[in-house]
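Asks: Supplied in structure tokens, the structure appears directly below.
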Amino acid sequence: MHGASDEMKVALALSGGAARGVAHIGVIKALEDLGYEITALSGSSAGALVAVFYASGYTPEDMLRAVKDIRWVSVLKPSFPKKGLIRWDRAVKVLEDLLGVRRVEDLKRKVFICATDLLSARSLYFDRGDLVPLVLGSCSLPGIFEPVRYGEYLLIDGGIMNNLPVEPLAGMRVLKIGVDVNPLERIVEAGSLFRVLLRSFFLAVRSNVEARKGMCDLLIVPDVAGYSPLDIRKTDDLFRAGYEATVKALSG
């Protein structure tokens with residue numbers, strides 16, 4: 001909705017979490033249903049991906065449908081023995097076609113894409129520039145996806161240094177909501193190399209999330225601990241977890 005009163009305007013900081021990022025879509029849907037207007041979004045990794053889809057004009061229902069329709073196996077191209085197990089070549093074309101927007105500043109809502117520059121060891125927050133390379137850079141889990149060269153930067157996953165990028169929203173006079181979809185849970189076995197790398201990464205980023213929770217006016221933590229970050233088939237369940245957590249957090 002547009003033209004909402006100031007107290008009904010919000011800005012979202014969306015964490016990474018791989019497939020669990022689908023819960024962000026449920027959060028957005030719940031906020032819309034409750035009458036809130038999302039004026040800005042900041043995201044790392046999966047959170048950045050959801051942010052740019054929403055800001056390009058996708059409804060939550062559109063986004064959920066896109067997650068289900070994309071043939072992920074064909075989009076993610078194996079690469080050996082380069083700088084990552086998976087190359088982004090095919091994903092570039094898919095995202096360009098789906099988003100229909102080439103520049104971050106041309107999105108319909110304010111967006112900050114958080115990525116880590118491997119060369120300078122800094123978190124970067126892009127609110128302008130080439131959309132697809134930047135969002136893919138933000139999603140480039142080291143060792144799994146190849147880094148993205150962008151100008152003077154070599155971009156890897158934004159969550160490495162900031163998996164809850166609320167800083168770009170700090171000066172905004174709206175309710176700042178952080179959404180963390182990367183909970184810690186005990187597992188029975190480590191699984192494949194891919195799963196070991198992914199879990200190790202998520203364990204490592206927990207500390208930088210804890211430090212930023214206090215910067216949010218409200219923190220929403222959907223109950224996604226029982227869902228694998230690699231299982232994109234549970235989209236409806238993840239969506240529902242985000243929706244229900246948001247309604248609960250804002251009720252009363």
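Naming works like this for the structure tokens: A, B, ... for the chains as they're shown, residue 1 at the start of each chain, ligands 1 onward in shown order.
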DSSP on the backbone: which residues in segment 1-248 of chain A end up as strand (DSSP E)? Give the answer as a compact mmCIF listing (two decimals) with all heavy atoms, in the first residue's frame.

Replies:
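Dumped everything to selection11.txt:
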```txt
# COMPACT_ATOMS: atom_id res chain seq x y z
N LYS A 9 4.96 2.90 8.44
CA LYS A 9 6.03 2.74 7.46
C LYS A 9 7.19 1.99 8.11
O LYS A 9 7.54 2.27 9.26
CB LYS A 9 6.50 4.09 6.93
CG LYS A 9 5.44 4.79 6.08
CD LYS A 9 5.95 6.11 5.55
CE LYS A 9 4.89 6.78 4.68
NZ LYS A 9 5.35 8.09 4.14
N VAL A 10 7.78 1.04 7.38
CA VAL A 10 8.86 0.22 7.94
C VAL A 10 10.00 0.08 6.94
O VAL A 10 9.82 0.23 5.73
CB VAL A 10 8.35 -1.18 8.34
CG1 VAL A 10 7.23 -1.09 9.35
CG2 VAL A 10 7.90 -1.97 7.12
N ALA A 11 11.17 -0.21 7.47
CA ALA A 11 12.33 -0.57 6.67
C ALA A 11 12.81 -1.92 7.17
O ALA A 11 12.83 -2.18 8.38
CB ALA A 11 13.44 0.47 6.80
N LEU A 12 13.19 -2.80 6.25
CA LEU A 12 13.55 -4.17 6.60
C LEU A 12 15.02 -4.45 6.38
O LEU A 12 15.59 -4.08 5.34
CB LEU A 12 12.75 -5.17 5.75
CG LEU A 12 11.22 -5.13 5.84
CD1 LEU A 12 10.63 -6.22 4.94
CD2 LEU A 12 10.77 -5.32 7.27
N ALA A 13 15.65 -5.11 7.35
CA ALA A 13 16.99 -5.67 7.19
C ALA A 13 16.83 -7.19 7.14
O ALA A 13 16.41 -7.80 8.13
CB ALA A 13 17.89 -5.26 8.35
N LEU A 14 17.15 -7.78 6.01
CA LEU A 14 16.88 -9.20 5.77
C LEU A 14 18.19 -10.00 5.76
O LEU A 14 19.10 -9.71 4.98
CB LEU A 14 16.15 -9.39 4.43
CG LEU A 14 14.86 -8.57 4.25
CD1 LEU A 14 14.27 -8.82 2.86
CD2 LEU A 14 13.86 -8.91 5.34
N GLU A 37 3.58 -0.22 5.20
CA GLU A 37 4.22 0.13 3.92
C GLU A 37 5.73 -0.04 4.06
O GLU A 37 6.34 0.59 4.93
CB GLU A 37 3.89 1.56 3.52
CG GLU A 37 4.57 1.98 2.20
CD GLU A 37 4.33 3.43 1.85
OE1 GLU A 37 3.44 4.06 2.46
OE2 GLU A 37 5.05 3.95 0.98
N ILE A 38 6.31 -0.89 3.23
CA ILE A 38 7.76 -1.12 3.26
C ILE A 38 8.43 -0.09 2.37
O ILE A 38 8.29 -0.12 1.15
CB ILE A 38 8.08 -2.55 2.80
CG1 ILE A 38 7.39 -3.57 3.72
CG2 ILE A 38 9.60 -2.79 2.80
CD1 ILE A 38 7.42 -5.00 3.20
N THR A 39 9.16 0.83 2.99
CA THR A 39 9.74 1.93 2.23
C THR A 39 11.18 1.65 1.80
O THR A 39 11.66 2.27 0.85
CB THR A 39 9.71 3.22 3.06
OG1 THR A 39 10.47 3.03 4.26
CG2 THR A 39 8.28 3.59 3.44
N ALA A 40 11.86 0.75 2.50
CA ALA A 40 13.26 0.46 2.17
C ALA A 40 13.60 -0.94 2.65
O ALA A 40 13.02 -1.44 3.61
CB ALA A 40 14.20 1.48 2.80
N LEU A 41 14.56 -1.55 1.95
CA LEU A 41 15.01 -2.88 2.33
C LEU A 41 16.53 -2.94 2.21
O LEU A 41 17.12 -2.37 1.28
CB LEU A 41 14.41 -3.97 1.41
CG LEU A 41 12.89 -4.00 1.30
CD1 LEU A 41 12.45 -3.28 0.01
CD2 LEU A 41 12.37 -5.43 1.25
N SER A 42 17.15 -3.64 3.14
CA SER A 42 18.58 -3.91 3.10
C SER A 42 18.77 -5.40 3.29
O SER A 42 18.14 -5.99 4.18
CB SER A 42 19.30 -3.12 4.21
OG SER A 42 20.69 -3.42 4.23
N GLY A 43 19.60 -6.04 2.47
CA GLY A 43 19.71 -7.48 2.58
C GLY A 43 21.08 -8.02 2.27
O GLY A 43 21.85 -7.43 1.50
N SER A 44 21.39 -9.14 2.90
CA SER A 44 22.59 -9.91 2.58
C SER A 44 22.17 -11.23 1.98
O SER A 44 21.23 -11.88 2.47
CB SER A 44 23.43 -10.19 3.84
OG SER A 44 24.13 -9.04 4.26
N LYS A 77 25.49 -23.66 -12.33
CA LYS A 77 26.39 -24.40 -13.21
C LYS A 77 27.66 -24.80 -12.47
O LYS A 77 28.41 -23.95 -11.99
CB LYS A 77 26.74 -23.53 -14.43
CG LYS A 77 27.62 -24.20 -15.46
CD LYS A 77 27.87 -23.25 -16.62
CE LYS A 77 28.75 -23.88 -17.68
NZ LYS A 77 29.01 -22.92 -18.79
N PRO A 78 27.94 -26.12 -12.34
CA PRO A 78 29.17 -26.57 -11.67
C PRO A 78 30.43 -26.03 -12.35
O PRO A 78 30.46 -25.85 -13.57
CB PRO A 78 29.10 -28.09 -11.79
CG PRO A 78 27.66 -28.39 -12.00
CD PRO A 78 27.12 -27.24 -12.80
N GLY A 84 35.31 -21.44 -7.19
CA GLY A 84 34.11 -21.86 -6.48
C GLY A 84 33.55 -23.10 -7.15
O GLY A 84 33.89 -23.40 -8.30
N LEU A 85 32.70 -23.83 -6.44
CA LEU A 85 32.13 -25.05 -7.00
C LEU A 85 31.07 -24.75 -8.06
O LEU A 85 30.79 -25.58 -8.92
CB LEU A 85 31.50 -25.90 -5.89
CG LEU A 85 32.43 -26.36 -4.76
CD1 LEU A 85 31.64 -27.11 -3.70
CD2 LEU A 85 33.54 -27.25 -5.32
N ILE A 86 30.49 -23.56 -7.98
CA ILE A 86 29.38 -23.22 -8.87
C ILE A 86 29.63 -21.85 -9.51
O ILE A 86 30.02 -20.89 -8.83
CB ILE A 86 28.05 -23.20 -8.10
CG1 ILE A 86 27.75 -24.60 -7.55
CG2 ILE A 86 26.89 -22.74 -8.99
CD1 ILE A 86 26.54 -24.66 -6.64
N ARG A 87 29.39 -21.77 -10.82
CA ARG A 87 29.52 -20.52 -11.56
C ARG A 87 28.16 -19.84 -11.68
O ARG A 87 27.12 -20.48 -11.59
CB ARG A 87 30.11 -20.79 -12.94
CG ARG A 87 31.53 -21.32 -12.92
CD ARG A 87 31.98 -21.75 -14.30
NE ARG A 87 31.90 -20.65 -15.27
CZ ARG A 87 32.14 -20.81 -16.56
NH1 ARG A 87 32.44 -21.99 -17.06
NH2 ARG A 87 32.06 -19.78 -17.38
N LYS A 110 13.57 1.74 -2.23
CA LYS A 110 14.97 1.91 -1.86
C LYS A 110 15.54 0.57 -1.40
O LYS A 110 14.97 -0.10 -0.53
CB LYS A 110 15.09 2.93 -0.74
CG LYS A 110 16.52 3.29 -0.37
CD LYS A 110 17.19 4.07 -1.51
CE LYS A 110 18.58 4.55 -1.13
NZ LYS A 110 19.23 5.26 -2.24
N VAL A 111 16.67 0.17 -1.97
CA VAL A 111 17.30 -1.09 -1.62
C VAL A 111 18.80 -0.88 -1.39
O VAL A 111 19.45 -0.15 -2.15
CB VAL A 111 17.09 -2.15 -2.72
CG1 VAL A 111 18.00 -3.36 -2.50
CG2 VAL A 111 15.63 -2.61 -2.75
N PHE A 112 19.31 -1.54 -0.36
CA PHE A 112 20.75 -1.60 -0.13
C PHE A 112 21.17 -3.07 -0.21
O PHE A 112 20.62 -3.92 0.50
CB PHE A 112 21.10 -1.05 1.26
CG PHE A 112 20.76 0.39 1.45
CD1 PHE A 112 19.52 0.75 1.96
CD2 PHE A 112 21.67 1.39 1.12
CE1 PHE A 112 19.19 2.08 2.15
CE2 PHE A 112 21.34 2.73 1.30
CZ PHE A 112 20.09 3.07 1.81
N ILE A 113 22.11 -3.37 -1.07
CA ILE A 113 22.63 -4.73 -1.23
C ILE A 113 23.95 -4.82 -0.50
O ILE A 113 24.91 -4.11 -0.81
CB ILE A 113 22.82 -5.07 -2.72
CG1 ILE A 113 21.49 -5.04 -3.45
CG2 ILE A 113 23.49 -6.45 -2.87
CD1 ILE A 113 21.62 -5.18 -4.96
N CYS A 114 24.00 -5.69 0.51
CA CYS A 114 25.23 -5.85 1.30
C CYS A 114 26.08 -6.97 0.71
O CYS A 114 25.61 -8.09 0.54
CB CYS A 114 24.88 -6.15 2.74
SG CYS A 114 26.32 -6.48 3.79
N ALA A 115 27.32 -6.66 0.40
CA ALA A 115 28.28 -7.65 -0.08
C ALA A 115 29.60 -7.41 0.62
O ALA A 115 29.85 -6.31 1.14
CB ALA A 115 28.45 -7.56 -1.60
N THR A 116 30.44 -8.43 0.65
CA THR A 116 31.76 -8.31 1.26
C THR A 116 32.81 -8.21 0.17
O THR A 116 32.80 -9.01 -0.77
CB THR A 116 32.07 -9.53 2.14
OG1 THR A 116 31.04 -9.67 3.13
CG2 THR A 116 33.42 -9.39 2.82
N ASP A 117 33.69 -7.23 0.27
CA ASP A 117 34.81 -7.13 -0.67
C ASP A 117 35.95 -7.99 -0.13
O ASP A 117 36.53 -7.67 0.91
CB ASP A 117 35.25 -5.68 -0.83
CG ASP A 117 36.45 -5.55 -1.77
OD1 ASP A 117 36.61 -6.42 -2.65
OD2 ASP A 117 37.23 -4.60 -1.61
N ARG A 122 36.01 -5.51 3.62
CA ARG A 122 35.02 -4.53 4.08
C ARG A 122 33.62 -4.96 3.67
O ARG A 122 33.43 -5.59 2.63
CB ARG A 122 35.30 -3.15 3.47
CG ARG A 122 36.53 -2.44 3.99
CD ARG A 122 36.56 -1.01 3.44
NE ARG A 122 36.63 -1.00 1.99
CZ ARG A 122 36.07 -0.07 1.22
NH1 ARG A 122 35.38 0.93 1.77
NH2 ARG A 122 36.20 -0.11 -0.08
N SER A 123 32.64 -4.58 4.49
CA SER A 123 31.25 -4.69 4.09
C SER A 123 30.91 -3.48 3.23
O SER A 123 31.26 -2.34 3.59
CB SER A 123 30.32 -4.70 5.31
OG SER A 123 30.42 -5.92 6.00
N LEU A 124 30.24 -3.72 2.12
CA LEU A 124 29.84 -2.64 1.22
C LEU A 124 28.32 -2.67 1.09
O LEU A 124 27.71 -3.74 1.06
CB LEU A 124 30.48 -2.82 -0.15
CG LEU A 124 32.01 -2.92 -0.18
CD1 LEU A 124 32.50 -3.27 -1.58
CD2 LEU A 124 32.65 -1.61 0.29
N TYR A 125 27.71 -1.49 1.00
CA TYR A 125 26.26 -1.37 0.89
C TYR A 125 25.94 -0.59 -0.38
O TYR A 125 26.14 0.62 -0.45
CB TYR A 125 25.68 -0.66 2.11
CG TYR A 125 26.16 -1.28 3.42
CD1 TYR A 125 27.19 -0.68 4.15
CD2 TYR A 125 25.61 -2.46 3.90
CE1 TYR A 125 27.65 -1.24 5.34
CE2 TYR A 125 26.06 -3.03 5.09
CZ TYR A 125 27.08 -2.42 5.79
OH TYR A 125 27.54 -2.99 6.96
N PHE A 126 25.45 -1.30 -1.37
CA PHE A 126 25.22 -0.69 -2.68
C PHE A 126 23.75 -0.27 -2.83
O PHE A 126 22.85 -1.11 -2.75
CB PHE A 126 25.56 -1.68 -3.79
CG PHE A 126 27.01 -2.07 -3.87
CD1 PHE A 126 27.48 -3.21 -3.23
CD2 PHE A 126 27.92 -1.28 -4.57
CE1 PHE A 126 28.82 -3.58 -3.30
CE2 PHE A 126 29.26 -1.64 -4.65
CZ PHE A 126 29.71 -2.79 -4.01
N GLY A 143 33.89 -20.51 -1.48
CA GLY A 143 34.16 -21.94 -1.61
C GLY A 143 33.06 -22.68 -2.33
O GLY A 143 33.28 -23.77 -2.87
N ILE A 144 31.86 -22.09 -2.35
CA ILE A 144 30.73 -22.72 -3.03
C ILE A 144 30.45 -22.01 -4.35
O ILE A 144 30.40 -22.63 -5.41
CB ILE A 144 29.48 -22.73 -2.13
CG1 ILE A 144 29.75 -23.59 -0.88
CG2 ILE A 144 28.27 -23.27 -2.90
CD1 ILE A 144 28.63 -23.60 0.13
N PHE A 145 30.26 -20.69 -4.30
CA PHE A 145 30.02 -19.91 -5.52
C PHE A 145 31.25 -19.08 -5.85
O PHE A 145 31.96 -18.62 -4.95
CB PHE A 145 28.83 -18.97 -5.32
CG PHE A 145 27.53 -19.70 -5.12
CD1 PHE A 145 27.00 -19.84 -3.84
CD2 PHE A 145 26.84 -20.25 -6.18
CE1 PHE A 145 25.80 -20.52 -3.63
CE2 PHE A 145 25.64 -20.92 -5.99
CZ PHE A 145 25.13 -21.06 -4.71
N VAL A 148 32.38 -12.50 -7.43
CA VAL A 148 31.96 -11.66 -8.55
C VAL A 148 32.87 -10.44 -8.62
O VAL A 148 32.96 -9.67 -7.66
CB VAL A 148 30.49 -11.22 -8.39
CG1 VAL A 148 30.12 -10.21 -9.48
CG2 VAL A 148 29.56 -12.43 -8.45
N ARG A 149 33.54 -10.29 -9.74
CA ARG A 149 34.38 -9.12 -9.96
C ARG A 149 33.49 -7.94 -10.32
O ARG A 149 32.69 -8.01 -11.26
CB ARG A 149 35.38 -9.39 -11.08
CG ARG A 149 36.18 -8.19 -11.53
CD ARG A 149 37.15 -7.67 -10.48
NE ARG A 149 38.25 -8.60 -10.24
CZ ARG A 149 39.26 -8.33 -9.41
NH1 ARG A 149 39.29 -7.17 -8.75
NH2 ARG A 149 40.21 -9.20 -9.23
N TYR A 150 33.58 -6.85 -9.56
CA TYR A 150 32.77 -5.66 -9.83
C TYR A 150 33.63 -4.44 -9.62
O TYR A 150 33.92 -4.05 -8.50
CB TYR A 150 31.55 -5.62 -8.90
CG TYR A 150 30.58 -4.52 -9.27
CD1 TYR A 150 29.70 -4.66 -10.34
CD2 TYR A 150 30.56 -3.32 -8.56
CE1 TYR A 150 28.82 -3.65 -10.69
CE2 TYR A 150 29.68 -2.30 -8.91
CZ TYR A 150 28.82 -2.48 -9.97
OH TYR A 150 27.95 -1.47 -10.33
N TYR A 153 36.31 -4.17 -6.90
CA TYR A 153 35.97 -5.10 -5.83
C TYR A 153 35.90 -6.55 -6.32
O TYR A 153 35.63 -6.81 -7.49
CB TYR A 153 34.60 -4.74 -5.23
CG TYR A 153 34.46 -3.31 -4.81
CD1 TYR A 153 33.47 -2.49 -5.40
CD2 TYR A 153 35.28 -2.74 -3.85
CE1 TYR A 153 33.33 -1.17 -5.03
CE2 TYR A 153 35.15 -1.41 -3.46
CZ TYR A 153 34.17 -0.63 -4.07
OH TYR A 153 34.04 0.68 -3.70
N LEU A 154 36.13 -7.47 -5.40
CA LEU A 154 35.88 -8.88 -5.64
C LEU A 154 34.87 -9.30 -4.58
O LEU A 154 35.20 -9.45 -3.40
CB LEU A 154 37.17 -9.71 -5.52
CG LEU A 154 37.06 -11.17 -5.97
CD1 LEU A 154 36.69 -11.26 -7.45
CD2 LEU A 154 38.38 -11.90 -5.73
N LEU A 155 33.61 -9.44 -4.99
CA LEU A 155 32.51 -9.57 -4.05
C LEU A 155 32.23 -11.02 -3.67
O LEU A 155 32.17 -11.90 -4.52
CB LEU A 155 31.24 -8.96 -4.65
CG LEU A 155 31.33 -7.48 -5.05
CD1 LEU A 155 30.01 -7.01 -5.62
CD2 LEU A 155 31.75 -6.60 -3.86
N ILE A 156 32.07 -11.22 -2.36
CA ILE A 156 31.61 -12.50 -1.83
C ILE A 156 30.43 -12.22 -0.90
O ILE A 156 30.04 -11.07 -0.69
CB ILE A 156 32.73 -13.26 -1.08
CG1 ILE A 156 33.30 -12.41 0.05
CG2 ILE A 156 33.82 -13.70 -2.04
CD1 ILE A 156 34.30 -13.16 0.93
N ASP A 157 29.87 -13.27 -0.35
CA ASP A 157 28.63 -13.20 0.42
C ASP A 157 28.65 -12.08 1.46
O ASP A 157 29.58 -11.96 2.26
CB ASP A 157 28.40 -14.54 1.11
CG ASP A 157 26.98 -14.71 1.60
OD1 ASP A 157 26.60 -14.02 2.56
OD2 ASP A 157 26.25 -15.52 1.00
N LEU A 175 9.99 2.54 11.43
CA LEU A 175 10.23 1.34 12.23
C LEU A 175 11.22 0.45 11.49
O LEU A 175 10.97 0.04 10.36
CB LEU A 175 8.92 0.60 12.46
CG LEU A 175 8.98 -0.66 13.34
CD1 LEU A 175 9.29 -0.29 14.79
CD2 LEU A 175 7.67 -1.44 13.24
N LYS A 176 12.34 0.14 12.14
CA LYS A 176 13.37 -0.68 11.50
C LYS A 176 13.25 -2.12 12.03
O LYS A 176 13.45 -2.36 13.21
CB LYS A 176 14.76 -0.10 11.77
CG LYS A 176 15.00 1.20 11.01
CD LYS A 176 16.28 1.86 11.41
CE LYS A 176 16.13 2.68 12.69
NZ LYS A 176 15.23 3.85 12.52
N ILE A 177 12.91 -3.02 11.11
CA ILE A 177 12.67 -4.42 11.48
C ILE A 177 13.77 -5.30 10.91
O ILE A 177 14.03 -5.28 9.71
CB ILE A 177 11.30 -4.91 10.95
CG1 ILE A 177 10.16 -4.05 11.52
CG2 ILE A 177 11.09 -6.38 11.28
CD1 ILE A 177 8.79 -4.42 10.98
N GLY A 178 14.42 -6.05 11.77
CA GLY A 178 15.39 -7.04 11.33
C GLY A 178 14.73 -8.41 11.26
O GLY A 178 13.91 -8.75 12.11
N VAL A 179 15.06 -9.18 10.24
CA VAL A 179 14.51 -10.52 10.09
C VAL A 179 15.67 -11.50 9.95
O VAL A 179 16.44 -11.45 9.00
CB VAL A 179 13.59 -10.63 8.85
CG1 VAL A 179 12.91 -12.00 8.84
CG2 VAL A 179 12.55 -9.51 8.82
N LEU A 218 12.69 -3.73 16.02
CA LEU A 218 11.97 -4.99 16.21
C LEU A 218 12.74 -6.08 15.49
O LEU A 218 13.23 -5.87 14.38
CB LEU A 218 10.55 -4.89 15.65
CG LEU A 218 9.68 -6.16 15.71
CD1 LEU A 218 9.33 -6.51 17.15
CD2 LEU A 218 8.41 -5.96 14.88
N LEU A 219 12.87 -7.23 16.12
CA LEU A 219 13.53 -8.37 15.49
C LEU A 219 12.52 -9.50 15.32
O LEU A 219 11.84 -9.89 16.27
CB LEU A 219 14.71 -8.86 16.34
CG LEU A 219 15.52 -10.01 15.73
CD1 LEU A 219 16.33 -9.53 14.53
CD2 LEU A 219 16.44 -10.62 16.79
N ILE A 220 12.42 -10.02 14.10
CA ILE A 220 11.55 -11.14 13.81
C ILE A 220 12.42 -12.34 13.48
O ILE A 220 13.32 -12.26 12.63
CB ILE A 220 10.60 -10.83 12.64
CG1 ILE A 220 9.66 -9.68 13.01
CG2 ILE A 220 9.80 -12.07 12.23
CD1 ILE A 220 8.77 -9.21 11.87
```

Asks: Please determine, counting only C-alpha atoms, which residue among A:Glu32, A:Glu210, A:Asp62, A:Glu244 has the shortest atom-to-atom distance to Pro222 of chain A.

Replies: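 Going through A:Glu32, A:Glu210, A:Asp62, A:Glu244 one by one, the smallest distance to Pro222 of chain A is for A:Glu244.
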
Asks: Run DSSP on the backbone and grab whatever in segment 5-251 of chain A lands in helix (DSSP H, G or I); send it over as a count of residues only.

Replies: 111

Asks: From the list A:Lys108, A:Pro229, A:Met172, A:Met161, which residue is nearest Leu197 of chain A when using only C-alpha atoms?

Replies: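 Counting only C-alpha atoms, the residue closest to Leu197 of chain A is A:Pro229.
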